[in-house]
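Asks: My structure file query.cif, mmCIF, C-alpha atoms and all ligand atoms, is below:
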data_data
loop_
_atom_site.label_atom_id
_atom_site.label_comp_id
_atom_site.auth_asym_id
_atom_site.auth_seq_id
_atom_site.Cartn_x
_atom_site.Cartn_y
_atom_site.Cartn_z
CA MET B 1 0.00 0.00 0.00
CA LYS B 2 1.39 3.42 -0.90
CA ASN B 3 0.29 6.42 1.16
CA ASN B 4 1.53 9.52 -0.62
CA GLU B 5 -0.91 12.09 0.72
CA LYS B 6 1.25 13.04 3.72
CA ASP B 7 5.00 12.76 4.20
CA PHE B 8 4.81 9.99 6.80
CA VAL B 9 8.57 9.45 6.76
CA LYS B 10 9.20 13.08 7.72
CA LEU B 11 6.50 12.89 10.42
CA SER B 12 8.03 9.70 11.87
CA GLU B 13 11.51 11.24 11.87
CA LYS B 14 10.28 14.33 13.72
CA TRP B 15 8.15 12.32 16.15
CA PHE B 16 11.03 10.05 17.18
CA ASP B 17 13.70 12.77 17.16
CA ASN B 18 11.54 14.50 19.79
CA GLN B 19 10.99 11.32 21.85
CA ALA B 20 14.57 10.02 21.75
CA ARG B 21 15.93 11.32 25.06
CA THR B 22 13.04 9.98 27.15
CA TYR B 23 11.94 7.01 24.98
CA ASP B 24 13.44 4.18 27.07
CA GLU B 25 12.29 5.43 30.45
CA THR B 26 8.75 6.40 29.34
CA ASP B 27 6.89 3.12 29.52
CA THR B 28 3.61 4.18 27.83
CA ILE B 29 1.87 3.18 24.59
CA LEU B 30 3.05 6.23 22.63
CA TYR B 31 6.65 5.62 23.79
CA SER B 32 8.45 2.34 24.57
CA LYS B 33 5.78 0.11 26.18
CA TYR B 34 4.94 -1.96 23.08
CA GLY B 35 8.52 -1.86 21.81
CA LYS B 36 9.69 -3.53 25.02
CA ILE B 37 7.06 -6.29 24.61
CA SER B 38 8.01 -6.91 20.97
CA CYS B 39 11.77 -6.81 21.65
CA LYS B 40 11.43 -9.30 24.51
CA ASN B 41 9.34 -11.59 22.28
CA ILE B 42 11.94 -11.46 19.48
CA TYR B 43 14.74 -11.96 22.00
CA ASP B 44 13.02 -15.06 23.44
CA TYR B 45 12.65 -16.54 19.95
CA LEU B 46 16.32 -15.96 19.14
CA ALA B 47 17.60 -17.14 22.55
CA ASP B 48 18.61 -20.61 21.31
CA LYS B 49 19.34 -19.64 17.67
CA GLU B 50 22.86 -19.13 16.38
CA TYR B 51 23.69 -16.39 13.89
CA ASP B 52 26.72 -14.35 12.85
CA THR B 53 25.09 -11.14 11.60
CA LEU B 54 21.83 -9.45 12.62
CA LEU B 55 20.26 -6.22 11.35
CA ASP B 56 17.57 -4.49 13.44
CA VAL B 57 15.50 -2.21 11.17
CA GLY B 58 13.93 0.74 13.01
CA CYS B 59 16.19 -0.10 15.96
CA GLY B 60 15.38 3.09 17.87
CA THR B 61 17.49 3.30 21.02
CA ALA B 62 18.78 -0.28 20.50
CA TYR B 63 16.65 -1.86 23.20
CA LEU B 64 16.60 -5.18 21.28
CA ILE B 65 20.30 -5.23 20.38
CA ASP B 66 21.16 -4.43 24.00
CA LEU B 67 19.24 -7.57 25.04
CA LEU B 68 20.68 -9.76 22.29
CA VAL B 69 24.34 -9.02 23.06
CA GLN B 70 23.83 -10.60 26.49
CA THR B 71 23.54 -14.03 24.84
CA HIS B 72 24.95 -13.66 21.31
CA SER B 73 28.49 -12.67 20.33
CA ALA B 74 27.43 -11.93 16.73
CA LYS B 75 27.91 -8.68 14.80
CA HIS B 76 24.79 -6.53 15.34
CA THR B 77 23.73 -3.61 13.14
CA GLY B 78 20.98 -1.13 13.95
CA LEU B 79 19.33 1.07 11.31
CA ASP B 80 16.95 3.92 12.00
CA LEU B 81 15.50 6.97 10.32
CA SER B 82 15.86 9.17 13.42
CA SER B 83 19.36 10.48 14.05
CA GLU B 84 18.35 11.32 17.64
CA MET B 85 17.26 7.73 18.34
CA ILE B 86 20.57 6.54 16.83
CA LYS B 87 22.48 8.94 19.11
CA GLN B 88 20.79 7.33 22.13
CA ALA B 89 21.64 3.86 20.77
CA GLN B 90 25.30 4.85 20.26
CA SER B 91 25.54 6.28 23.78
CA LYS B 92 25.01 2.74 25.16
CA ASN B 93 28.43 1.70 23.78
CA ILE B 94 27.24 -1.80 22.90
CA PRO B 95 30.20 -3.98 21.79
CA ASN B 96 30.56 -5.30 18.21
CA THR B 97 27.64 -3.14 17.03
CA GLU B 98 27.26 -0.57 14.27
CA PHE B 99 24.47 1.99 13.84
CA VAL B 100 23.31 3.61 10.61
CA VAL B 101 20.86 6.44 9.91
CA ALA B 102 18.82 5.31 6.90
CA ARG B 103 15.33 4.38 5.68
CA SER B 104 13.88 0.90 5.79
CA ASP B 105 12.97 1.06 2.11
CA ASN B 106 16.48 2.00 0.92
CA MET B 107 19.10 0.30 3.07
CA PRO B 108 22.86 0.84 2.49
CA PHE B 109 23.78 -2.85 2.57
CA ALA B 110 24.79 -5.33 -0.11
CA ASP B 111 22.50 -8.19 -1.12
CA ASN B 112 22.68 -11.37 1.03
CA THR B 113 24.46 -9.71 4.00
CA PHE B 114 22.56 -10.76 7.15
CA ASP B 115 21.55 -14.05 8.80
CA VAL B 116 18.70 -12.35 10.67
CA VAL B 117 16.73 -9.14 10.07
CA THR B 118 14.42 -7.95 12.86
CA CYS B 119 11.84 -5.15 12.96
CA SER B 120 10.13 -4.23 16.23
CA GLN B 121 7.25 -1.73 16.39
CA SER B 122 8.52 0.22 13.40
CA PHE B 123 6.76 -1.35 10.40
CA HIS B 124 3.46 0.57 10.77
CA HIS B 125 5.45 3.77 10.05
CA TYR B 126 6.49 2.61 6.55
CA PRO B 127 4.57 4.25 3.68
CA ASP B 128 5.55 1.52 1.20
CA THR B 129 5.42 -1.75 3.12
CA ASP B 130 6.06 -3.91 0.04
CA LYS B 131 9.29 -2.04 -0.62
CA ALA B 132 10.36 -2.45 3.03
CA MET B 133 9.71 -6.20 2.85
CA GLN B 134 11.62 -6.46 -0.43
CA GLU B 135 14.57 -4.58 1.09
CA ALA B 136 14.60 -6.97 4.06
CA LEU B 137 14.50 -9.90 1.64
CA ARG B 138 17.32 -8.44 -0.46
CA VAL B 139 19.77 -7.94 2.43
CA LEU B 140 19.02 -11.34 3.99
CA LYS B 141 21.16 -14.34 3.10
CA PRO B 142 19.25 -17.26 1.56
CA GLY B 143 17.69 -19.18 4.46
CA GLY B 144 17.96 -16.09 6.68
CA LEU B 145 15.19 -15.10 9.10
CA TYR B 146 13.00 -12.01 9.05
CA ILE B 147 11.28 -11.38 12.38
CA LEU B 148 8.54 -8.77 12.27
CA SER B 149 6.78 -7.72 15.48
CA ASP B 150 4.26 -4.91 15.34
CA THR B 151 1.09 -3.40 16.75
CA GLY B 152 -1.94 -4.37 14.71
CA VAL B 153 -5.68 -3.83 14.80
CA GLY B 154 -6.28 -7.29 16.29
CA PHE B 155 -9.79 -8.69 15.77
CA PHE B 156 -10.95 -5.52 13.96
CA LYS B 157 -9.09 -6.85 10.87
CA ASP B 158 -9.89 -5.07 7.55
CA PHE B 159 -12.36 -2.68 9.19
CA GLY B 160 -9.69 -1.68 11.72
CA VAL B 161 -7.10 -1.27 8.97
CA MET B 162 -9.46 1.01 7.06
CA VAL B 163 -10.26 3.17 10.10
CA ASP B 164 -6.64 3.36 11.21
CA ASN B 165 -4.95 3.89 7.88
CA PHE B 166 -7.57 5.97 6.07
CA VAL B 167 -9.15 8.02 8.87
CA TYR B 168 -6.81 8.18 11.88
CA ARG B 169 -3.76 8.93 9.75
CA TYR B 170 -5.22 12.24 8.53
CA PHE B 171 -5.42 13.55 12.10
CA SER B 172 -2.30 12.02 13.58
CA ASN B 173 1.20 13.47 13.50
CA THR B 174 2.97 10.31 14.72
CA GLY B 175 3.88 9.03 11.24
CA ASP B 176 1.72 5.92 11.66
CA CYS B 177 0.39 4.99 8.22
CA ASN B 178 0.22 1.23 7.71
CA VAL B 179 -1.23 -0.60 10.67
CA SER B 180 -1.99 -4.22 9.81
CA TYR B 181 -2.93 -7.46 11.59
CA LEU B 182 -1.40 -10.93 11.86
CA GLU B 183 -3.13 -12.66 8.93
CA LYS B 184 -2.74 -9.69 6.56
CA SER B 185 0.97 -9.31 7.30
CA ILE B 186 1.44 -13.04 6.73
CA ARG B 187 -0.24 -12.69 3.31
CA ASP B 188 1.91 -9.64 2.49
CA LEU B 189 5.12 -11.45 3.46
CA GLU B 190 4.20 -14.48 1.33
CA ARG B 191 3.34 -12.24 -1.61
CA ASN B 192 6.77 -10.63 -1.27
CA GLY B 193 8.56 -13.98 -1.45
CA PHE B 194 8.97 -15.05 2.20
CA GLU B 195 8.19 -18.48 3.60
CA ILE B 196 6.32 -18.26 6.93
CA ILE B 197 7.77 -20.23 9.83
CA LYS B 198 5.58 -18.95 12.63
CA GLY B 199 2.95 -16.29 13.35
CA GLU B 200 1.56 -15.52 16.78
CA LYS B 201 -0.50 -12.99 18.69
CA VAL B 202 1.68 -11.84 21.56
CA THR B 203 -1.14 -9.72 23.01
CA THR B 204 -4.54 -8.78 21.55
CA PHE B 205 -2.93 -6.04 19.47
CA ILE B 206 0.70 -7.14 19.10
CA TYR B 207 1.74 -9.88 16.70
CA THR B 208 5.07 -11.43 15.75
CA ILE B 209 5.86 -13.27 12.52
CA VAL B 210 8.99 -15.28 11.79
CA ALA B 211 9.61 -15.67 8.06
CA ARG B 212 12.44 -17.12 6.01
CA LYS B 213 14.14 -16.14 2.77
CA LYS B 214 13.86 -19.20 0.53
C1 LIG Z 1 8.24 2.77 18.20
S1 LIG Z 1 9.93 2.97 17.74
C2 LIG Z 1 10.53 1.31 18.01
C3 LIG Z 1 12.01 1.28 18.32
C4 LIG Z 1 12.57 -0.09 18.64
N1 LIG Z 1 12.53 -0.97 17.49
C5 LIG Z 1 11.82 -0.70 19.80
O1 LIG Z 1 11.06 -1.67 19.59
O2 LIG Z 1 11.97 -0.18 20.92
C6 LIG Z 1 9.86 3.02 15.95
C7 LIG Z 1 11.21 3.33 15.32
O3 LIG Z 1 11.10 3.17 13.91
C8 LIG Z 1 11.82 4.20 13.27
N2 LIG Z 1 11.32 4.39 11.90
C9 LIG Z 1 10.10 4.87 11.55
N3 LIG Z 1 9.99 4.91 10.21
C10 LIG Z 1 11.16 4.44 9.70
C11 LIG Z 1 11.66 4.22 8.40
N4 LIG Z 1 10.91 4.49 7.31
N5 LIG Z 1 12.90 3.71 8.24
C12 LIG Z 1 13.66 3.42 9.34
N6 LIG Z 1 13.25 3.61 10.61
C13 LIG Z 1 12.01 4.10 10.79
C14 LIG Z 1 11.61 5.40 14.17
O4 LIG Z 1 12.55 6.42 13.97
C15 LIG Z 1 11.67 4.77 15.56
O5 LIG Z 1 12.95 4.79 16.10
#
Could I get this file's structure written as structure tokens?
Replies:
Amino acid sequence: MKNNEKDFVKLSEKWFDNQARTYDETDTILYSKYGKISCKNIYDYLADKEYDTLLDVGCGTAYLIDLLVQTHSAKHTGLDLSSEMIKQAQSKNIPNTEFVVARSDNMPFADNTFDVVTCSQSFHHYPDTDKAMQEALRVLKPGGLYILSDTGVGFFKDFGVMVDNFVYRYFSNTGDCNVSYLEKSIRDLERNGFEIIKGEKVTTFIYTIVARKK
């Protein structure tokens, strides 16, 4: 879906630049509450998985990477649109980690670079979700995992998507533009060439999908 009416990327950048300093400590829905749930869920899934290289797209303040380095000695890379969020991530001095300011739909990495690509609570800010999925697929190695955890509209399904993406977005300045739900995101991932390994509702409104590059 392409939402060109508003510059959602600019809105997201501004929204998160302003939140960056207090993001981690502010445990509410508009700040880090859902991110912490998604990151913990991704972390639990990866706990017993081995990998050499992981990219976290929309990494924010590196909450997920900070968890992962406790159990994995791999090379971790965090990418985010907001330079202020990246500054917070860098200030944590996480070993063997690199941070990049860039967009999810145009990532500065070669094809087939990463064993794992993760995306926690960032995807609903992407105006062109197909392009973001294709970028994740491109930078993953064959057989690599894409783990997408996001807030969805839960049981409201297509009605919720319509209300959220075609009504709410006109009034909101958060940069939200593509809220989805578990089954729809699974269909979108399959259409973009991923093989689904697992999809689950973590809470009523948060879902996580593990997909694989064939
Ligand atoms: C709610 S925060 C989640 C941060 C972190 N992943 C977590 O779970 O705590 C969403 C992040 O996505 C980033 N973001 C939004 N749109 C983006 C885009 N098009 N490309 C890259 N990052 C983006 C924002 O700057 C923000 O840091």
Asks: Go through B:Val101, B:Cys177, B:Cys119, B:Ile206 one by one, measure the shortest atom-to-atom distance of each to B:Lys33 using all atoms listed in the file, and give the residue with the smallest value.
Replies: B:Ile206
Asks: Could you list, as a PyMOL selection string, all protein and nucleic acid residues with an atom at most 7 Å from ligand LIG 1 (chain Z), counting all atoms listed in the file?
Replies: chain B and resi 9+12-13+16+31-32+35-36+38-39+57-64+79-82+85+102-105+119-122+125-126
Asks: Could you check which of B:Val139, B:Leu182, B:Leu189, B:Ala110 is closest to B:Phe156, using all atoms listed in the file?
Replies: B:Leu182
Asks: Calculate how many Å separate atom CA of B:Gln134 from atom CA of B:Val117, rounding to one decimal.
Replies: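 Those two atoms sit 12.0 Å apart.
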Asks: Please determine the residues with any atom at most 12 Å from (14.6, -15.1, 25.8) (coordinates as given in the file, with all atoms listed in the file counting) and report them as a PyMOL selection string.
Replies: chain B and resi 37-49+64+67-72
Asks: Nearest to B:Met133 among B:Leu30, B:Ile186, B:Val100, B:Ile94, with distances taken over only C-alpha atoms: which residue is it?
Replies: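 Result for the nearest residue to B:Met133: B:Ile186.
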Asks: In terms of the shortest atom-to-atom distance over all atoms listed in the file, which of B:Lys213, B:Lys131, B:Lys184, B:Lys87 is closest to B:Ile197?
Replies: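 Between B:Lys213, B:Lys131, B:Lys184, B:Lys87, the residue approaching B:Ile197 most closely is B:Lys213.
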Asks: Interatomic distance between atom CA of B:Lys92 and atom CA of B:Asn106?
Replies: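 Between atom CA of B:Lys92 and atom CA of B:Asn106 the gap works out to 25.7 Å.
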Asks: Could you please determine the separation between atom CA of B:Ile209 and atom CA of B:Phe123 in Å, to one decimal place?
Replies: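 Atom-to-atom, atom CA of B:Ile209 to atom CA of B:Phe123, that is 12.1 Å.
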Asks: Of the candidates B:Asp164, B:Asp128, B:Asp158, B:Glu190, which one gets nearest to B:Tyr146 if we count all atoms listed in the file?
Replies: B:Glu190
Asks: From the options B:Phe194, B:Phe155, B:Phe99, B:Phe171, which residue's atoms come nearest to B:Ile86, counting only C-alpha atoms?
Replies: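 Looking at the shortest contact to B:Ile86, the residue is B:Phe99.
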Asks: So that I can check the surroundings of B:Ala74, please list as a VMD selection string every protein, DNA and RNA residue that reaches within 12 Å of it, counting only C-alpha atoms and ignoring chain neighbours fewer than 3 positions away.
Replies: chain B and resid 49 to 55 65 68 to 71 77 94 to 98 114 to 116
Asks: Is it possible to produce a file of stretch 85-127 of chain B from this structure, with N, CA and C atoms, as a JSON list (two decimals), in the first residue's frame?
Replies:
[["chain", "number", "residue", "atom", "x", "y", "z"],
["B", 85, "MET", "N", 17.38, 9.08, 17.78],
["B", 85, "MET", "CA", 17.26, 7.73, 18.34],
["B", 85, "MET", "C", 18.61, 7.01, 18.20],
["B", 86, "ILE", "N", 19.26, 7.19, 17.05],
["B", 86, "ILE", "CA", 20.57, 6.54, 16.83],
["B", 86, "ILE", "C", 21.61, 7.09, 17.82],
["B", 87, "LYS", "N", 21.54, 8.36, 18.12],
["B", 87, "LYS", "CA", 22.48, 8.94, 19.11],
["B", 87, "LYS", "C", 22.31, 8.25, 20.46],
["B", 88, "GLN", "N", 21.05, 8.02, 20.85],
["B", 88, "GLN", "CA", 20.79, 7.33, 22.13],
["B", 88, "GLN", "C", 21.35, 5.90, 22.07],
["B", 89, "ALA", "N", 21.14, 5.24, 20.94],
["B", 89, "ALA", "CA", 21.64, 3.86, 20.77],
["B", 89, "ALA", "C", 23.17, 3.85, 20.90],
["B", 90, "GLN", "N", 23.83, 4.80, 20.24],
["B", 90, "GLN", "CA", 25.30, 4.85, 20.26],
["B", 90, "GLN", "C", 25.84, 5.13, 21.66],
["B", 91, "SER", "N", 25.06, 5.90, 22.44],
["B", 91, "SER", "CA", 25.54, 6.28, 23.78],
["B", 91, "SER", "C", 25.60, 5.07, 24.72],
["B", 92, "LYS", "N", 24.98, 3.95, 24.31],
["B", 92, "LYS", "CA", 25.01, 2.74, 25.16],
["B", 92, "LYS", "C", 26.32, 1.96, 25.00],
["B", 93, "ASN", "N", 27.13, 2.34, 24.01],
["B", 93, "ASN", "CA", 28.43, 1.70, 23.78],
["B", 93, "ASN", "C", 28.34, 0.17, 23.77],
["B", 94, "ILE", "N", 27.44, -0.35, 22.97],
["B", 94, "ILE", "CA", 27.24, -1.80, 22.90],
["B", 94, "ILE", "C", 28.35, -2.41, 22.04],
["B", 95, "PRO", "N", 29.06, -3.44, 22.54],
["B", 95, "PRO", "CA", 30.20, -3.98, 21.79],
["B", 95, "PRO", "C", 29.80, -4.66, 20.46],
["B", 96, "ASN", "N", 30.72, -4.61, 19.50],
["B", 96, "ASN", "CA", 30.56, -5.30, 18.21],
["B", 96, "ASN", "C", 29.26, -4.91, 17.49],
["B", 97, "THR", "N", 28.92, -3.63, 17.58],
["B", 97, "THR", "CA", 27.64, -3.14, 17.03],
["B", 97, "THR", "C", 27.88, -1.87, 16.22],
["B", 98, "GLU", "N", 27.14, -1.76, 15.12],
["B", 98, "GLU", "CA", 27.26, -0.57, 14.27],
["B", 98, "GLU", "C", 25.86, 0.03, 14.08],
["B", 99, "PHE", "N", 25.77, 1.35, 14.04],
["B", 99, "PHE", "CA", 24.47, 1.99, 13.84],
["B", 99, "PHE", "C", 24.51, 2.88, 12.59],
["B", 100, "VAL", "N", 23.39, 2.88, 11.87],
["B", 100, "VAL", "CA", 23.31, 3.61, 10.61],
["B", 100, "VAL", "C", 22.01, 4.40, 10.58],
["B", 101, "VAL", "N", 22.08, 5.66, 10.14],
["B", 101, "VAL", "CA", 20.86, 6.44, 9.91],
["B", 101, "VAL", "C", 20.45, 6.22, 8.46],
["B", 102, "ALA", "N", 19.30, 5.59, 8.26],
["B", 102, "ALA", "CA", 18.82, 5.31, 6.90],
["B", 102, "ALA", "C", 17.35, 4.92, 6.96],
["B", 103, "ARG", "N", 16.75, 4.76, 5.78],
["B", 103, "ARG", "CA", 15.33, 4.38, 5.68],
["B", 103, "ARG", "C", 15.20, 2.89, 5.43],
["B", 104, "SER", "N", 14.13, 2.33, 5.94],
["B", 104, "SER", "CA", 13.88, 0.90, 5.79],
["B", 104, "SER", "C", 13.66, 0.48, 4.34],
["B", 105, "ASP", "N", 13.26, 1.43, 3.49],
["B", 105, "ASP", "CA", 12.97, 1.06, 2.11],
["B", 105, "ASP", "C", 14.15, 1.36, 1.17],
["B", 106, "ASN", "N", 15.29, 1.74, 1.75],
["B", 106, "ASN", "CA", 16.48, 2.00, 0.92],
["B", 106, "ASN", "C", 17.70, 1.82, 1.82],
["B", 107, "MET", "N", 18.08, 0.57, 2.05],
["B", 107, "MET", "CA", 19.10, 0.30, 3.07],
["B", 107, "MET", "C", 20.50, 0.18, 2.44],
["B", 108, "PRO", "N", 21.51, 0.79, 3.07],
["B", 108, "PRO", "CA", 22.86, 0.84, 2.49],
["B", 108, "PRO", "C", 23.67, -0.44, 2.74],
["B", 109, "PHE", "N", 23.09, -1.57, 2.38],
["B", 109, "PHE", "CA", 23.78, -2.85, 2.57],
["B", 109, "PHE", "C", 23.72, -3.66, 1.28],
["B", 110, "ALA", "N", 24.75, -4.47, 1.08],
["B", 110, "ALA", "CA", 24.79, -5.33, -0.11],
["B", 110, "ALA", "C", 23.75, -6.45, 0.01],
["B", 111, "ASP", "N", 23.41, -7.03, -1.11],
["B", 111, "ASP", "CA", 22.50, -8.19, -1.12],
["B", 111, "ASP", "C", 23.10, -9.31, -0.27],
["B", 112, "ASN", "N", 22.27, -10.14, 0.32],
["B", 112, "ASN", "CA", 22.68, -11.37, 1.03],
["B", 112, "ASN", "C", 23.71, -11.11, 2.14],
["B", 113, "THR", "N", 23.48, -10.09, 2.97],
["B", 113, "THR", "CA", 24.46, -9.71, 4.00],
["B", 113, "THR", "C", 24.17, -10.34, 5.37],
["B", 114, "PHE", "N", 22.89, -10.43, 5.75],
["B", 114, "PHE", "CA", 22.56, -10.76, 7.15],
["B", 114, "PHE", "C", 21.92, -12.14, 7.31],
["B", 115, "ASP", "N", 22.21, -12.78, 8.45],
["B", 115, "ASP", "CA", 21.55, -14.05, 8.80],
["B", 115, "ASP", "C", 20.15, -13.80, 9.34],
["B", 116, "VAL", "N", 20.00, -12.68, 10.05],
["B", 116, "VAL", "CA", 18.70, -12.35, 10.67],
["B", 116, "VAL", "C", 18.43, -10.86, 10.46],
["B", 117, "VAL", "N", 17.19, -10.54, 10.09],
["B", 117, "VAL", "CA", 16.73, -9.14, 10.07],
["B", 117, "VAL", "C", 15.52, -9.05, 10.99],
["B", 118, "THR", "N", 15.55, -8.12, 11.94],
["B", 118, "THR", "CA", 14.42, -7.95, 12.86],
["B", 118, "THR", "C", 13.79, -6.57, 12.65],
["B", 119, "CYS", "N", 12.54, -6.44, 13.08],
["B", 119, "CYS", "CA", 11.84, -5.15, 12.96],
["B", 119, "CYS", "C", 10.78, -5.11, 14.05],
["B", 120, "SER", "N", 11.02, -4.29, 15.07],
["B", 120, "SER", "CA", 10.13, -4.23, 16.23],
["B", 120, "SER", "C", 9.42, -2.90, 16.32],
["B", 121, "GLN", "N", 8.11, -2.91, 16.19],
["B", 121, "GLN", "CA", 7.25, -1.73, 16.39],
["B", 121, "GLN", "C", 7.64, -0.54, 15.51],
["B", 122, "SER", "N", 8.11, -0.85, 14.32],
["B", 122, "SER", "CA", 8.52, 0.22, 13.40],
["B", 122, "SER", "C", 7.72, 0.12, 12.09],
["B", 123, "PHE", "N", 7.31, -1.07, 11.74],
["B", 123, "PHE", "CA", 6.76, -1.35, 10.40],
["B", 123, "PHE", "C", 5.53, -0.50, 10.06],
["B", 124, "HIS", "N", 4.69, -0.19, 11.06],
["B", 124, "HIS", "CA", 3.46, 0.57, 10.77],
["B", 124, "HIS", "C", 3.76, 2.04, 10.43],
["B", 125, "HIS", "N", 5.05, 2.41, 10.46],
["B", 125, "HIS", "CA", 5.45, 3.77, 10.05],
["B", 125, "HIS", "C", 5.91, 3.79, 8.59],
["B", 126, "TYR", "N", 5.91, 2.65, 7.89],
["B", 126, "TYR", "CA", 6.49, 2.61, 6.55],
["B", 126, "TYR", "C", 5.42, 2.87, 5.47],
["B", 127, "PRO", "N", 5.57, 3.94, 4.70],
["B", 127, "PRO", "CA", 4.57, 4.25, 3.68],
["B", 127, "PRO", "C", 4.47, 3.17, 2.61]]
